[in-house]
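Take a look at the structure below.
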Amino acid sequence: MKADALIIGGGIQGCATAYHLARKGVSVIVVEKDYAGRHASGVNAGGVRLLGRDMAEVPLSKASMEMWQTLDEELGHDTGFRRQSLINIAADEGDLDTLRAREAKMHEAGYAYERMIDQAELRDRLPHVNFDCVGGVISELDGYAIPYKATSAFRLAAENLGAKVIEGEEVLSLRRVGNTWLAQGSRNAYEAEAVINCAGAWADRIALMIGDNVPLSHAAPMLMITARMPHFAKPVVGAVSRQLSFKQFENGTVLIGGGAKGFADRANNRTRLDYAKLAAACRTTAEFFPNMRKASINRMWAGLEAYMPDNLPVICPAVNAPRAFHAFGFSAHGFQMGPIVGQVLADLVTGGQSRFNLSPFRIDRFDRKVL
């Protein structure tokens, strides 16, 4: 099978890249070893946030947030996006000091979308919050989407433009012959002028096939969802210094995250839950919101996610091979950036450059520099 571009990985980054390339008239094949959105992109918490981003990510995240506002209309499919705001709660004065330092840094860089709130506004926006909490920070632009819906929306929009998505196809080998990339899958062989590595927790393997080495690790961030409860929290909720993250959906269920990790078995394509950490996450949630003590957990799960040592993703051309590109290692906060990352990769593939500074996301940023 032949195409102009071969994308390895059918998560939101891969599907968004397929969409943006297809919009430019590029023929695209996406190969996914399981099914589109099977791992991190389909089972994450769905946070669409600017709040608390690393400074290196802010320009990309801001551009992506603008895209989210009208993404359903652009793609012609429902992503589940809701702009609800996001509040990170300050539990004590130490948290407020952290927020003040962050605010000064953001203002110095010219960013004003994060706003500190005092105890009175915190209680006004979140009436059920623990009385001892002293304030927080809010981003009004933030919200959430439904991960599998959003990934599927990009996939369907890409297919409508002629892209092919092939599921159940693992790339076993990849080599460049002349001006062509040759990939051998578990069922088919592929030829493409360009290859894009969006393979998530398996991206280091694809990077090695391309010729690039990367210190990627993987883990299994866990989530749980409650039975329906009376509505009590419209904003998405986090905390400044504690593992707290939850959102209440329109049907009353509450999704609880916070970053606790289970056991990742990449070799066998599965995860296992750590119930002690899930119990700790429940206690933290109930500490901040005492009404959650009555919540009933309905389901728990974990996804396989790729992590970089500095928690920043890899978004760049390959270092050691021509016409190869990477986008992976989003370290459990890449979902929101999916729309813009797809556009950036399409620009790199078709024009060789991006309007964004991608130097913080180079794949070789951990390589030892020879003096």
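Numbering starts fresh at 1 for the residues of each chain in the structure tokens, the chains themselves are lettered A, B, ... in the order given, and ligands are numbered from 1 as they appear.
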
- Task: Would you list, as a list in words, the residues of segment 15-149 of chain A that end up in strand (DSSP E) under DSSP run on this structure's backbone?
- Result: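 Across segment 15-149 of chain A, those assigned strand (DSSP E) are Val28, Ile29, Val30, Val31, Glu32, Gly47, Val48, Arg82, Arg83, Leu86, Ile87, Asn88, Ile89, Ala90, Arg115, Met116, Ile117, Asp118, Gly135, Gly136, Val137, Ile138, Ser139, Gly143 and Tyr144 of chain A.
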
Per residue of segment 104-149 of chain A within 9 Å of segment 281-296 of chain A, which atom pair is closest and at what distance in Å (one decimal), using only C-alpha atoms, listed by chain and increasing number, as a Markdown table?
| residue | atom | partner | partner_atom | distance |
| --- | --- | --- | --- | --- |
| A:His128 | CA | A:Phe289 | CA | 6.0 |
| A:Val129 | CA | A:Phe289 | CA | 4.9 |
| A:Asn130 | CA | A:Phe288 | CA | 5.1 |
| A:Phe131 | CA | A:Phe288 | CA | 8.7 |
| A:Asp132 | CA | A:Phe288 | CA | 8.9 |
| A:Cys133 | CA | A:Phe288 | CA | 7.9 |

Counting only C-alpha atoms, which residues in segment 41-78 of chain A sit no more than 10 Å from segment 347-364 of chain A? For each one, give the nearest pair of atoms and the distance in Å, sorted by chain then residue number, as a tab-separated table.
residue	atom	partner	partner_atom	distance
A:Ala56	CA	A:Pro360	CA	6.6
A:Glu57	CA	A:Pro360	CA	8.7
A:Pro59	CA	A:Phe356	CA	7.4
A:Leu60	CA	A:Phe356	CA	7.3
A:Ala63	CA	A:Phe356	CA	10.0

Write a file of the selected residues as a compact mmCIF listing (two decimals), in the first residue's frame, keeping N, CA, C and O atoms.
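Contents of the output file part_8.txt:
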# COMPACT_ATOMS: atom_id res chain seq x y z
N ALA A 56 7.06 26.35 28.20
CA ALA A 56 7.41 25.95 26.83
C ALA A 56 6.19 25.51 26.04
O ALA A 56 6.16 25.64 24.81
N GLU A 57 5.18 25.00 26.73
CA GLU A 57 3.98 24.51 26.06
C GLU A 57 2.92 25.58 25.83
O GLU A 57 2.00 25.37 25.03
N PRO A 59 2.50 28.52 24.21
CA PRO A 59 2.09 28.97 22.87
C PRO A 59 1.29 27.91 22.10
O PRO A 59 0.27 28.23 21.48
N LEU A 60 1.74 26.67 22.16
CA LEU A 60 1.00 25.60 21.50
C LEU A 60 -0.36 25.39 22.15
O LEU A 60 -1.38 25.24 21.46
N ALA A 63 -2.88 28.15 21.21
CA ALA A 63 -3.38 27.98 19.85
C ALA A 63 -4.36 26.82 19.77
O ALA A 63 -5.38 26.90 19.08

- Message: I need the residues in segment 3-176 of chain A that are alpha helix (DSSP H) according to DSSP; give them as a VMD selection string.
- Response: chain A and resid 12 to 23 40 to 43 58 to 68 71 to 75 93 to 108 119 to 125 147 to 160

- Item | Surrounding residues of Ala157 of chain A excluding itself and chain neighbours under 4 positions, 10 Å, only C-alpha atoms, as a ChimeraX atom specification | /A:15-16,18-20,22-23,74-77,152-153,161-163

Which segment 194-293 of chain A residues have any atom within 12 Å of an atom of segment 170-187 of chain A, and for each, what is the nearest pair of atoms with distance in Å to one decimal, counting only C-alpha atoms, rows sorted by chain and number, as a tab-separated table?
residue	atom	partner	partner_atom	distance
A:Ala194	CA	A:Trp181	CA	6.7
A:Val195	CA	A:Trp181	CA	6.9
A:Ile196	CA	A:Trp181	CA	10.7
A:Asn197	CA	A:Val171	CA	10.8
A:Ala199	CA	A:Val171	CA	10.0
A:Trp202	CA	A:Glu170	CA	10.6
A:Ala203	CA	A:Val171	CA	11.1
A:Arg205	CA	A:Leu172	CA	9.7
A:Ile206	CA	A:Leu174	CA	7.9
A:Ala207	CA	A:Leu174	CA	9.8
A:Leu208	CA	A:Leu174	CA	9.4
A:Met209	CA	A:Leu174	CA	5.6
A:Ile210	CA	A:Leu174	CA	6.8
A:Gly211	CA	A:Arg175	CA	9.2

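Atom to atom, atom CA of Glu191 of chain A and atom CA of Val214 of chain A stand 24.7 Å apart.
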